[in-house]
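Below is the file model_15.cif, which contains mmCIF, C-alpha atoms.
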data_structure
#
loop_
_atom_site.group_PDB
_atom_site.id
_atom_site.type_symbol
_atom_site.label_atom_id
_atom_site.label_comp_id
_atom_site.auth_asym_id
_atom_site.auth_seq_id
_atom_site.Cartn_x
_atom_site.Cartn_y
_atom_site.Cartn_z
ATOM 1 C CA MET A 8 20.449 -13.009 -12.591
ATOM 2 C CA ASP A 9 20.993 -9.229 -12.901
ATOM 3 C CA ARG A 10 21.921 -9.728 -16.558
ATOM 4 C CA GLN A 11 18.337 -10.918 -17.046
ATOM 5 C CA LEU A 12 17.001 -7.892 -15.146
ATOM 6 C CA PRO A 13 19.123 -4.945 -16.287
ATOM 7 C CA ASP A 14 16.533 -2.342 -15.360
ATOM 8 C CA VAL A 15 14.835 -2.594 -11.952
ATOM 9 C CA ARG A 16 13.352 0.581 -10.496
ATOM 10 C CA LEU A 17 11.341 1.697 -7.497
ATOM 11 C CA ALA A 18 8.438 4.103 -7.889
ATOM 12 C CA LEU A 19 5.514 5.601 -6.028
ATOM 13 C CA CYS A 20 2.011 5.776 -7.441
ATOM 14 C CA GLU A 21 -0.985 7.118 -5.546
ATOM 15 C CA LEU A 22 -3.378 5.440 -7.968
ATOM 16 C CA TRP A 23 -1.897 2.061 -7.045
ATOM 17 C CA GLN A 24 -2.201 2.947 -3.354
ATOM 18 C CA ALA A 25 -5.906 3.560 -3.965
ATOM 19 C CA PHE A 26 -6.227 0.260 -5.812
ATOM 20 C CA GLY A 27 -4.583 -1.585 -2.919
ATOM 21 C CA GLY A 28 -7.096 -0.060 -0.518
ATOM 22 C CA MET A 29 -9.996 -0.921 -2.815
ATOM 23 C CA ALA A 30 -8.798 -4.527 -3.138
ATOM 24 C CA LEU A 31 -8.490 -4.854 0.619
ATOM 25 C CA LEU A 32 -12.034 -3.551 1.153
ATOM 26 C CA ALA A 33 -13.444 -5.709 -1.639
ATOM 27 C CA ARG A 34 -11.979 -8.791 0.018
ATOM 28 C CA HIS A 35 -12.650 -8.056 3.695
ATOM 29 C CA GLY A 36 -15.089 -5.152 3.925
ATOM 30 C CA ARG A 37 -15.053 -3.451 7.301
ATOM 31 C CA ASP A 38 -13.833 -6.673 8.973
ATOM 32 C CA ALA A 39 -10.255 -6.561 7.699
ATOM 33 C CA PRO A 40 -7.679 -8.049 10.106
ATOM 34 C CA TRP A 41 -5.201 -5.972 12.069
ATOM 35 C CA PRO A 42 -3.343 -3.824 11.179
ATOM 36 C CA HIS A 43 -5.856 -2.866 8.494
ATOM 37 C CA ALA A 44 -8.914 -2.962 10.770
ATOM 38 C CA PRO A 45 -9.046 0.682 12.018
ATOM 39 C CA TRP A 46 -8.689 2.009 8.488
ATOM 40 C CA ALA A 47 -11.196 -0.454 6.984
ATOM 41 C CA ARG A 48 -13.900 0.378 9.540
ATOM 42 C CA GLU A 49 -13.713 4.036 8.513
ATOM 43 C CA ALA A 50 -13.159 3.585 4.779
ATOM 44 C CA HIS A 51 -15.443 0.704 3.729
ATOM 45 C CA GLY A 52 -18.298 3.003 2.711
ATOM 46 C CA ALA A 53 -16.117 4.670 0.052
ATOM 47 C CA LEU A 54 -15.976 1.531 -2.122
ATOM 48 C CA THR A 55 -18.593 1.946 -4.875
ATOM 49 C CA PRO A 56 -19.982 -0.855 -7.086
ATOM 50 C CA ARG A 57 -17.964 0.440 -10.042
ATOM 51 C CA LEU A 58 -14.695 0.396 -8.058
ATOM 52 C CA ARG A 59 -15.481 -3.085 -6.757
ATOM 53 C CA ALA A 60 -16.079 -4.261 -10.340
ATOM 54 C CA VAL A 61 -12.635 -2.990 -11.381
ATOM 55 C CA VAL A 62 -10.998 -4.876 -8.511
ATOM 56 C CA GLU A 63 -12.839 -8.088 -9.370
ATOM 57 C CA LEU A 64 -11.775 -7.634 -12.992
ATOM 58 C CA ALA A 65 -8.115 -7.681 -11.920
ATOM 59 C CA ARG A 66 -8.305 -10.342 -9.204
ATOM 60 C CA PRO A 67 -8.233 -13.657 -11.180
ATOM 61 C CA ARG A 68 -4.821 -12.948 -12.767
ATOM 62 C CA ARG A 69 -3.809 -10.220 -10.286
ATOM 63 C CA ARG A 70 -3.251 -8.057 -13.333
ATOM 64 C CA ILE A 71 -4.384 -4.418 -13.183
ATOM 65 C CA PRO A 72 -5.532 -2.941 -16.522
ATOM 66 C CA SER A 73 -2.878 -0.637 -17.936
ATOM 67 C CA PHE A 74 -5.258 2.359 -17.990
ATOM 68 C CA LEU A 75 -5.212 2.231 -14.168
ATOM 69 C CA THR A 76 -1.441 2.401 -13.888
ATOM 70 C CA GLY A 77 -0.522 5.924 -14.960
ATOM 71 C CA GLY A 78 2.369 7.588 -13.162
ATOM 72 C CA VAL A 79 4.323 4.513 -12.076
ATOM 73 C CA ALA A 80 7.309 5.418 -14.220
ATOM 74 C CA SER A 81 7.933 8.469 -12.031
ATOM 75 C CA ARG A 82 9.336 8.614 -8.505
ATOM 76 C CA GLY A 83 6.261 10.246 -7.005
ATOM 77 C CA GLY A 84 3.082 10.085 -9.089
ATOM 78 C CA ARG A 85 0.205 12.227 -7.796
ATOM 79 C CA ILE A 86 -3.394 11.072 -7.901
ATOM 80 C CA ALA A 87 -4.782 14.109 -9.787
ATOM 81 C CA ASP A 88 -2.271 13.758 -12.639
ATOM 82 C CA GLU A 89 -2.717 9.992 -12.771
ATOM 83 C CA LEU A 90 -6.504 10.249 -12.965
ATOM 84 C CA ASP A 91 -6.260 12.895 -15.660
ATOM 85 C CA GLY A 92 -4.060 10.563 -17.702
ATOM 86 C CA MET A 93 -6.452 7.661 -17.124
ATOM 87 C CA ALA A 94 -9.472 9.669 -18.288
ATOM 88 C CA ARG A 95 -7.639 10.535 -21.527
ATOM 89 C CA THR A 96 -6.748 6.934 -22.396
ATOM 90 C CA ARG A 97 -7.453 6.142 -26.024
ATOM 91 C CA PRO A 98 -10.841 4.351 -26.235
ATOM 92 C CA GLY A 99 -9.516 1.753 -28.665
ATOM 93 C CA LEU A 100 -6.771 0.792 -26.220
ATOM 94 C CA VAL A 101 -9.339 0.197 -23.459
ATOM 95 C CA ARG A 102 -11.482 -2.026 -25.682
ATOM 96 C CA GLU A 103 -8.510 -3.965 -27.050
ATOM 97 C CA GLU A 104 -6.997 -4.655 -23.631
ATOM 98 C CA LEU A 105 -10.253 -5.678 -21.997
ATOM 99 C CA ALA A 106 -11.160 -8.009 -24.878
ATOM 100 C CA ARG A 107 -7.683 -9.559 -24.987
ATOM 101 C CA GLU A 108 -6.751 -9.820 -21.314
ATOM 102 C CA TYR A 109 -10.109 -10.023 -19.521
ATOM 103 C CA PRO A 110 -12.514 -12.055 -21.682
ATOM 104 C CA GLY A 111 -14.724 -12.872 -18.693
ATOM 105 C CA ALA A 112 -15.351 -9.191 -18.014
ATOM 106 C CA PHE A 113 -18.264 -8.957 -20.415
ATOM 107 C CA THR A 114 -20.540 -10.626 -17.867
ATOM 108 C CA ASP A 115 -20.255 -7.665 -15.479
ATOM 109 C CA PRO A 116 -22.605 -4.844 -16.527
ATOM 110 C CA LEU A 117 -20.255 -2.090 -15.334
ATOM 111 C CA ILE A 118 -17.287 -3.517 -17.230
ATOM 112 C CA ALA A 119 -19.479 -4.156 -20.273
ATOM 113 C CA ALA A 120 -20.407 -0.467 -20.176
ATOM 114 C CA LEU A 121 -16.703 0.398 -20.064
ATOM 115 C CA ILE A 122 -16.208 -1.596 -23.260
ATOM 116 C CA ARG A 123 -19.215 0.007 -24.990
ATOM 117 C CA GLU A 124 -18.448 3.617 -24.068
ATOM 118 C CA PRO A 125 -14.915 3.832 -22.668
ATOM 119 C CA GLU A 126 -14.619 7.630 -22.740
ATOM 120 C CA ALA A 127 -17.691 8.271 -20.603
ATOM 121 C CA GLN A 128 -17.041 5.341 -18.254
ATOM 122 C CA LEU A 129 -13.413 6.333 -17.683
ATOM 123 C CA GLY A 130 -14.670 9.777 -16.720
ATOM 124 C CA TYR A 131 -17.080 8.268 -14.189
ATOM 125 C CA LEU A 132 -14.336 5.995 -12.900
ATOM 126 C CA ALA A 133 -11.934 8.907 -12.470
ATOM 127 C CA VAL A 134 -14.522 10.804 -10.397
ATOM 128 C CA GLU A 135 -15.193 7.802 -8.163
ATOM 129 C CA LEU A 136 -11.475 7.139 -7.698
ATOM 130 C CA ALA A 137 -10.935 10.777 -6.748
ATOM 131 C CA ASN A 138 -13.770 10.545 -4.230
ATOM 132 C CA PHE A 139 -12.334 7.313 -2.829
ATOM 133 C CA TRP A 140 -8.944 8.956 -2.415
ATOM 134 C CA ARG A 141 -10.411 11.952 -0.606
ATOM 135 C CA ALA A 142 -12.570 9.851 1.701
ATOM 136 C CA ALA A 143 -10.336 6.852 2.394
ATOM 137 C CA MET A 144 -6.735 7.861 1.735
ATOM 138 C CA GLU A 145 -6.262 11.611 1.997
ATOM 139 C CA PRO A 146 -7.042 11.819 5.749
ATOM 140 C CA ARG A 147 -3.957 9.616 6.260
ATOM 141 C CA GLY A 148 -1.914 11.450 3.654
ATOM 142 C CA THR A 149 0.904 12.625 5.922
ATOM 143 C CA GLY A 150 1.581 9.185 7.345
ATOM 144 C CA LEU A 151 1.186 7.565 3.941
ATOM 145 C CA ALA A 152 3.732 9.848 2.261
ATOM 146 C CA ARG A 153 6.228 9.542 5.114
ATOM 147 C CA SER A 154 5.999 5.765 5.258
ATOM 148 C CA LEU A 155 6.368 5.324 1.504
ATOM 149 C CA GLU A 156 9.366 7.647 1.314
ATOM 150 C CA GLU A 157 11.025 5.676 4.125
ATOM 151 C CA GLU A 158 10.261 2.454 2.253
ATOM 152 C CA ILE A 159 11.766 3.729 -1.001
ATOM 153 C CA LEU A 160 14.927 4.889 0.783
ATOM 154 C CA PHE A 161 15.291 1.571 2.603
ATOM 155 C CA ARG A 162 14.843 -0.590 -0.513
ATOM 156 C CA SER A 163 16.999 1.712 -2.644
ATOM 157 C CA ARG A 164 19.990 0.776 -0.507
ATOM 158 C CA THR A 165 19.545 -2.904 -1.381
ATOM 159 C CA LEU A 166 19.091 -2.047 -5.043
ATOM 160 C CA ALA A 167 22.197 0.149 -5.124
ATOM 161 C CA MET A 168 24.442 -2.175 -3.125
ATOM 162 C CA SER A 169 23.294 -5.644 -4.216
ATOM 163 C CA GLY A 170 21.380 -5.231 -7.469
ATOM 164 C CA GLY A 171 17.921 -5.951 -8.786
ATOM 165 C CA ALA A 172 17.950 -9.724 -8.288
ATOM 166 C CA ALA A 173 18.814 -9.316 -4.611
ATOM 167 C CA LEU A 174 15.994 -6.832 -4.140
ATOM 168 C CA LEU A 175 13.470 -9.135 -5.801
ATOM 169 C CA HIS A 176 14.619 -12.003 -3.587
ATOM 170 C CA GLU A 177 14.329 -9.790 -0.506
ATOM 171 C CA LEU A 178 10.750 -8.900 -1.427
ATOM 172 C CA GLY A 179 9.736 -12.435 -2.357
ATOM 173 C CA LEU A 180 8.864 -11.343 -5.881
ATOM 174 C CA PRO A 181 9.136 -13.504 -9.019
ATOM 175 C CA ALA A 182 12.273 -12.833 -11.015
ATOM 176 C CA GLU A 183 10.265 -12.211 -14.173
ATOM 177 C CA ARG A 184 6.648 -12.136 -15.267
ATOM 178 C CA ALA A 185 4.953 -14.498 -17.688
ATOM 179 C CA ASP A 186 5.376 -12.015 -20.522
ATOM 180 C CA GLY A 187 9.143 -12.220 -20.128
ATOM 181 C CA ALA A 188 9.672 -8.497 -19.622
ATOM 182 C CA ASP A 189 13.178 -7.628 -18.433
ATOM 183 C CA ARG A 190 12.336 -4.088 -17.250
ATOM 184 C CA LEU A 191 10.608 -3.973 -13.897
ATOM 185 C CA THR A 192 9.196 -1.175 -11.782
ATOM 186 C CA LEU A 193 8.421 -2.081 -8.166
ATOM 187 C CA VAL A 194 5.648 -0.168 -6.398
ATOM 188 C CA PRO A 195 5.294 -0.426 -2.589
ATOM 189 C CA MET A 196 1.746 -0.562 -1.221
ATOM 190 C CA LEU A 197 0.817 0.365 2.328
ATOM 191 C CA LEU A 198 -2.605 -1.245 2.123
ATOM 192 C CA ALA A 199 -2.063 -4.764 0.895
ATOM 193 C CA ASP A 200 -3.411 -8.266 1.440
ATOM 194 C CA GLY A 201 -0.330 -10.206 0.347
ATOM 195 C CA THR A 202 -1.179 -10.025 -3.362
ATOM 196 C CA HIS A 203 1.510 -9.033 -5.859
ATOM 197 C CA TRP A 204 -0.551 -7.000 -8.326
ATOM 198 C CA TRP A 205 1.076 -6.401 -11.688
ATOM 199 C CA SER A 206 0.558 -4.668 -14.993
ATOM 200 C CA ALA A 207 2.338 -4.056 -18.286
ATOM 201 C CA VAL A 208 2.902 -0.383 -19.053
ATOM 202 C CA GLY A 209 4.969 1.104 -21.869
ATOM 203 C CA GLY A 210 7.247 -1.908 -22.236
ATOM 204 C CA ARG A 211 7.751 -2.260 -18.466
ATOM 205 C CA THR A 212 6.314 -4.786 -16.052
ATOM 206 C CA VAL A 213 5.043 -3.040 -12.928
ATOM 207 C CA VAL A 214 4.704 -5.184 -9.796
ATOM 208 C CA SER A 215 3.392 -4.151 -6.384
ATOM 209 C CA TYR A 216 4.603 -5.452 -3.057
ATOM 210 C CA ALA A 217 3.541 -4.910 0.547
ATOM 211 C CA ALA A 218 5.628 -2.190 2.178
ATOM 212 C CA ARG A 219 6.907 -2.967 5.634
ATOM 213 C CA GLY A 220 4.152 -2.431 8.167
ATOM 214 C CA ALA A 221 1.546 -2.382 5.410
ATOM 215 C CA GLY A 222 -1.818 -1.143 6.558
ATOM 216 C CA ILE A 223 -0.771 1.191 9.392
ATOM 217 C CA LEU A 224 -2.854 4.115 8.197
ATOM 218 C CA ARG A 225 -5.072 6.053 10.509
ATOM 219 C CA ALA A 226 -6.273 9.596 10.949
ATOM 220 C CA GLU A 227 -3.884 12.219 12.289
ATOM 221 C CA PRO A 228 -3.357 11.649 16.050
ATOM 222 C CA LYS A 229 -4.617 14.069 18.652
ATOM 223 C CA ARG A 230 -1.971 15.982 20.555
ATOM 224 C CA GLY A 231 -1.463 15.780 24.267
ATOM 225 C CA GLY A 232 -0.402 12.188 24.809
ATOM 226 C CA ALA A 233 -2.140 8.847 24.848
ATOM 227 C CA ALA A 234 -5.781 8.471 25.851
ATOM 228 C CA GLU A 235 -7.102 6.161 28.539
ATOM 229 C CA PRO A 236 -7.301 2.563 27.313
ATOM 230 C CA ALA A 237 -10.725 1.247 26.437
ATOM 231 C CA ARG A 238 -11.910 -1.775 28.359
ATOM 232 C CA ALA A 239 -11.340 -3.974 25.288
ATOM 233 C CA ASP A 240 -7.909 -2.493 24.485
ATOM 234 C CA ARG A 241 -5.867 -5.539 25.439
ATOM 235 C CA LEU A 242 -2.634 -4.049 24.108
ATOM 236 C CA ALA A 243 -2.907 -1.048 26.459
ATOM 237 C CA ILE A 244 -3.937 -3.259 29.378
ATOM 238 C CA LEU A 245 -0.825 -5.386 28.897
ATOM 239 C CA LEU A 246 1.752 -2.710 28.050
ATOM 240 C CA GLY A 247 0.270 0.449 29.500
ATOM 241 C CA ARG A 248 -1.374 3.091 27.338
ATOM 242 C CA GLY A 249 1.828 5.058 26.618
ATOM 243 C CA ARG A 250 3.851 2.081 25.454
ATOM 244 C CA ALA A 251 0.868 0.697 23.547
ATOM 245 C CA SER A 252 0.536 3.986 21.653
ATOM 246 C CA VAL A 253 4.203 3.660 20.651
ATOM 247 C CA VAL A 254 3.728 0.065 19.465
ATOM 248 C CA ARG A 255 0.784 1.055 17.265
ATOM 249 C CA GLU A 256 2.965 3.518 15.362
ATOM 250 C CA LEU A 257 5.794 1.047 14.690
ATOM 251 C CA GLY A 258 4.213 -0.792 11.770
ATOM 252 C CA THR A 259 6.320 1.448 9.547
ATOM 253 C CA PRO A 260 9.934 2.516 10.275
ATOM 254 C CA ILE A 261 10.182 5.795 12.172
ATOM 255 C CA THR A 262 12.743 7.810 14.104
ATOM 256 C CA THR A 263 12.459 8.627 17.807
ATOM 257 C CA SER A 264 11.933 12.341 17.164
ATOM 258 C CA ALA A 265 9.292 11.762 14.471
ATOM 259 C CA LEU A 266 7.463 9.317 16.728
ATOM 260 C CA ALA A 267 7.538 11.748 19.652
ATOM 261 C CA ASP A 268 6.148 14.512 17.464
ATOM 262 C CA GLN A 269 3.463 12.234 16.041
ATOM 263 C CA LEU A 270 2.277 11.144 19.505
ATOM 264 C CA GLY A 271 2.705 14.467 21.251
ATOM 265 C CA LEU A 272 5.039 12.887 23.829
ATOM 266 C CA ALA A 273 8.487 13.924 25.095
ATOM 267 C CA ALA A 274 11.360 12.434 23.080
ATOM 268 C CA SER A 275 12.897 11.089 26.306
ATOM 269 C CA THR A 276 9.665 9.241 27.144
ATOM 270 C CA VAL A 277 9.464 7.717 23.674
ATOM 271 C CA SER A 278 13.137 6.723 23.872
ATOM 272 C CA GLN A 279 12.513 4.873 27.136
ATOM 273 C CA HIS A 280 9.556 3.015 25.637
ATOM 274 C CA LEU A 281 11.589 2.058 22.558
ATOM 275 C CA SER A 282 14.518 0.807 24.636
ATOM 276 C CA ALA A 283 12.188 -1.405 26.657
ATOM 277 C CA LEU A 284 10.511 -2.777 23.533
ATOM 278 C CA VAL A 285 13.869 -3.521 21.899
ATOM 279 C CA SER A 286 15.022 -5.318 25.064
ATOM 280 C CA ALA A 287 11.789 -7.328 25.052
ATOM 281 C CA GLY A 288 12.560 -8.530 21.530
ATOM 282 C CA VAL A 289 9.472 -7.119 19.800
ATOM 283 C CA VAL A 290 11.036 -4.051 18.139
ATOM 284 C CA ARG A 291 14.160 -3.785 16.012
ATOM 285 C CA ARG A 292 16.274 -0.761 15.205
ATOM 286 C CA HIS A 293 18.401 -0.196 12.127
ATOM 287 C CA ARG A 294 20.342 2.643 10.602
ATOM 288 C CA ALA A 295 19.370 4.329 7.313
ATOM 289 C CA GLY A 296 22.067 6.858 6.524
ATOM 290 C CA THR A 297 22.338 9.191 9.500
ATOM 291 C CA ARG A 298 18.973 8.170 10.980
ATOM 292 C CA VAL A 299 18.107 5.349 13.368
ATOM 293 C CA LEU A 300 14.726 3.814 12.576
ATOM 294 C CA TYR A 301 12.530 1.630 14.769
ATOM 295 C CA GLU A 302 9.852 -0.835 13.695
ATOM 296 C CA LEU A 303 8.077 -3.966 14.910
ATOM 297 C CA ASN A 304 9.913 -7.195 14.149
ATOM 298 C CA ARG A 305 8.158 -10.453 13.321
ATOM 299 C CA GLU A 306 7.510 -11.273 16.966
ATOM 300 C CA GLY A 307 6.154 -7.784 17.618
ATOM 301 C CA VAL A 308 3.774 -8.019 14.678
ATOM 302 C CA ALA A 309 2.542 -11.448 15.828
ATOM 303 C CA LEU A 310 1.973 -10.176 19.379
ATOM 304 C CA THR A 311 0.116 -7.092 18.199
ATOM 305 C CA GLU A 312 -2.045 -9.043 15.769
ATOM 306 C CA CYS A 313 -2.990 -11.468 18.545
ATOM 307 C CA LEU A 314 -3.990 -8.702 20.947
ATOM 308 C CA MET A 315 -5.730 -6.396 18.482
ATOM 309 C CA ASN A 316 -7.747 -8.941 16.496
ATOM 310 C CA GLN A 317 -10.696 -9.186 18.849
#
Transcribe the structure of this file into structure tokens.
Amino acid sequence: MDRQLPDVRLALCELWQAFGGMALLARHGRDAPWPHAPWAREAHGALTPRLRAVVELARPRRRIPSFLTGGVASRGGRIADELDGMARTRPGLVREELAREYPGAFTDPLIAALIREPEAQLGYLAVELANFWRAAMEPRGTGLARSLEEEILFRSRTLAMSGGAALLHELGLPAERADGADRLTLVPMLLADGTHWWSAVGGRTVVSYAARGAGILRAEPKRGGAAEPARADRLAILLGRGRASVVRELGTPITTSALADQLGLAASTVSQHLSALVSAGVVRRHRAGTRVLYELNREGVALTECLMNQ
């Protein structure tokens, strides 16, 4: 299998993170299920008609236009550079790709405008994407960056030790795309709805997948410990507010010290909560190099979804 996939890479791309968030909002609006719900309630107003049209363009084949995929060849693409590259895409390339790959797009007035005047429309699109990033993604930037770096490190171990085919199997991704490309770049998304978005860029096939704990993005926490549980906070009623605050942060892998710092709690207190949750069978721990990471297991995710989806 690896002989068919000699070049499998992992990469980060903020533009794809934005697209994942846009797709989630286009599908669910503010009523996205847990763990996306807190983020969606705050971010749904940032999705403009033009951004929604781009998502709907990609949805039938789950293929993102190549002019929206800048930066994925690098380890850590930044949104400003990616948008600058998108705005400078050759107009002929935009028209050719839309006509060839998305023939049904002409019925949407915003996409039709993109075909008629790609330079101007790409400029408008870049501005709206930048605004979406600032409003919906940037307030969670610290947690987003940390979670994605942890994800890349975790998956890189599989890639290095077992090869590309093993990593694709682990992620539930197809071994190859319909175009037969044998060079793949895998992009983790924190905001995802189970869709494997893909694109063809510079001779590579780029495929997204849902990072572990996808969707756990919220504003920076307030210091000073957990707040009193709201009457409808069933998770806090069942577990206690301190332990519930720990559970909410375990959608992505995290160390005890990082979790204590994030919650403003003593490391010893967090350690006690984690030990209890591991004993209860809802949290797993694993080693990544010299660090021990904790995250919700399948049972923990199911329990949390049940209690938080009101």
Considering only C-alpha atoms, return as a short mmCIF file (atom, residue, chain, number, x, y, z; two decimals) with C-alpha atoms, in the frame of the given file whatever protein or nucleic-acid residues lie within 10 Å of Val277 (chain A), sequence-local ones (same chain, fewer than 6 positions apart) excluded.
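Final output, around.cif:
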data_model
loop_
_atom_site.label_atom_id
_atom_site.label_comp_id
_atom_site.auth_asym_id
_atom_site.auth_seq_id
_atom_site.Cartn_x
_atom_site.Cartn_y
_atom_site.Cartn_z
CA GLY A 249 1.83 5.06 26.62
CA ARG A 250 3.85 2.08 25.45
CA SER A 252 0.54 3.99 21.65
CA VAL A 253 4.20 3.66 20.65
CA THR A 263 12.46 8.63 17.81
CA SER A 264 11.93 12.34 17.16
CA LEU A 266 7.46 9.32 16.73
CA ALA A 267 7.54 11.75 19.65
CA ASP A 268 6.15 14.51 17.46
CA LEU A 270 2.28 11.14 19.50
CA GLY A 271 2.70 14.47 21.25
CA ALA A 283 12.19 -1.40 26.66
#
Hey, what's within 8 Å of region 91-98 of chain A if we count all atoms listed in the file and toss same-chain stuff fewer than 5 positions away? As a list of chain:residue names, please?
-> A:Phe74, A:Leu75, A:Thr76, A:Gly77, A:Glu124, A:Pro125, A:Glu126, A:Leu129, A:Gly130, A:Ala133
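Minimum atom-to-atom distance to Trp23 (chain A), evaluated using only C-alpha atoms, belongs to A:Ser215 out of A:Ser282, A:Thr192, A:Ser215, A:Gln128.
CA of Leu174 (chain A) is positioned 12.6 Å from CA of Pro195 (chain A).
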One decimal, Å: what's the distance from CA of Pro260 (chain A) over to CA of Ala295 (chain A), could you say?
-> 10.1 Å
Nearby residues (only C-alpha atoms) at most 10 Å from Arg255 (chain A), same-chain spacing under 2 positions excluded, as JSON, numbers by chain = {"A": [42, 223, 242, 250, 251, 252, 253, 257, 258, 259, 302, 303, 308, 311, 315]}
Determine, counting only C-alpha atoms, which protein, DNA and RNA residues have an atom within 7 Å of an atom of region 135-146 of chain A; residues of the same chain fewer than 6 positions away are not included. Present the result as a ChimeraX atom specification.
-> /A:25,50,53-54,226
Convert the output of the PyMOL selection byres ((chain A and resi 48) around 10) on the shown file into explicit residues, formatted as a ChimeraX atom specification.
-> /A:32,36-39,43-47,49-52
Mind writing the picked residues with C-alpha atoms as a CSV table (one decimal), in the coordinates of the input?
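What follows is the written file selection-v1.csv:
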chain,number,residue,atom,x,y,z
A,32,LEU,CA,-12.0,-3.6,1.2
A,36,GLY,CA,-15.1,-5.2,3.9
A,37,ARG,CA,-15.1,-3.5,7.3
A,38,ASP,CA,-13.8,-6.7,9.0
A,39,ALA,CA,-10.3,-6.6,7.7
A,43,HIS,CA,-5.9,-2.9,8.5
A,44,ALA,CA,-8.9,-3.0,10.8
A,45,PRO,CA,-9.0,0.7,12.0
A,46,TRP,CA,-8.7,2.0,8.5
A,47,ALA,CA,-11.2,-0.5,7.0
A,49,GLU,CA,-13.7,4.0,8.5
A,50,ALA,CA,-13.2,3.6,4.8
A,51,HIS,CA,-15.4,0.7,3.7
A,52,GLY,CA,-18.3,3.0,2.7
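Nearest residue to Arg147 (chain A), choosing from A:Ser163, A:Gln24, A:Ser206, A:Thr55 and counting all atoms listed in the file: A:Gln24.
For the residues A:Arg123, A:Arg102, A:Arg211, A:Arg34, ranking by smallest atom-to-atom distance to Val62 (chain A) using all atoms listed in the file places A:Arg34 first.
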Excluding region 63-67 of chain A and any residue of its chain fewer than 4 positions from it, enumerate the residues within 7 Å of it, using only C-alpha atoms, and give them as a compact mmCIF listing (two decimals) with C-alpha atoms, in the frame of the given file.
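Final output, saved to result_4.txt:
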# COMPACT_ATOMS: atom_id res chain seq x y z
CA ARG A 59 -15.48 -3.08 -6.76
CA ILE A 71 -4.38 -4.42 -13.18
CA ALA A 112 -15.35 -9.19 -18.01
What does the distance between CA of Arg70 (chain A) and CA of Tyr109 (chain A) come to in Å, to one decimal place?
-> 9.4 Å
Go through the shown structure with the PyMOL selection byres ((chain A and resi 191) around 7) and write out the matching residues as a ChimeraX atom specification.
-> /A:14-16,189-190,192-193,211-213
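Distances to Val134 (chain A) were evaluated for A:Leu105, A:Arg68, A:Gly210, A:Arg57 using all atoms listed in the file, and the minimum falls at A:Arg57.
Distance check against Leu19 (chain A) using all atoms listed in the file: of A:Leu100, A:Leu166, A:Val214, A:Val61, the minimum falls on A:Val214.
Of the residues under consideration (A:Ala207, A:Ala309, A:Met168, A:Val254), A:Ala207 shows the shortest atom-to-atom contact distance to Arg69 (chain A) when counting all atoms listed in the file.
If you apply the PyMOL selection byres ((chain A and resi 180) around 12) to this structure, you end up with Gly171, Ala172, Ala173, Leu174, Leu175, His176, Glu177, Leu178, Gly179, Pro181, Ala182, Glu183, Arg184, Leu191, Thr192, Leu193, Val194, Pro195, Gly201, Thr202, His203, Trp204, Trp205, Val213, Val214, Ser215, Tyr216 and Ala217 of chain A.
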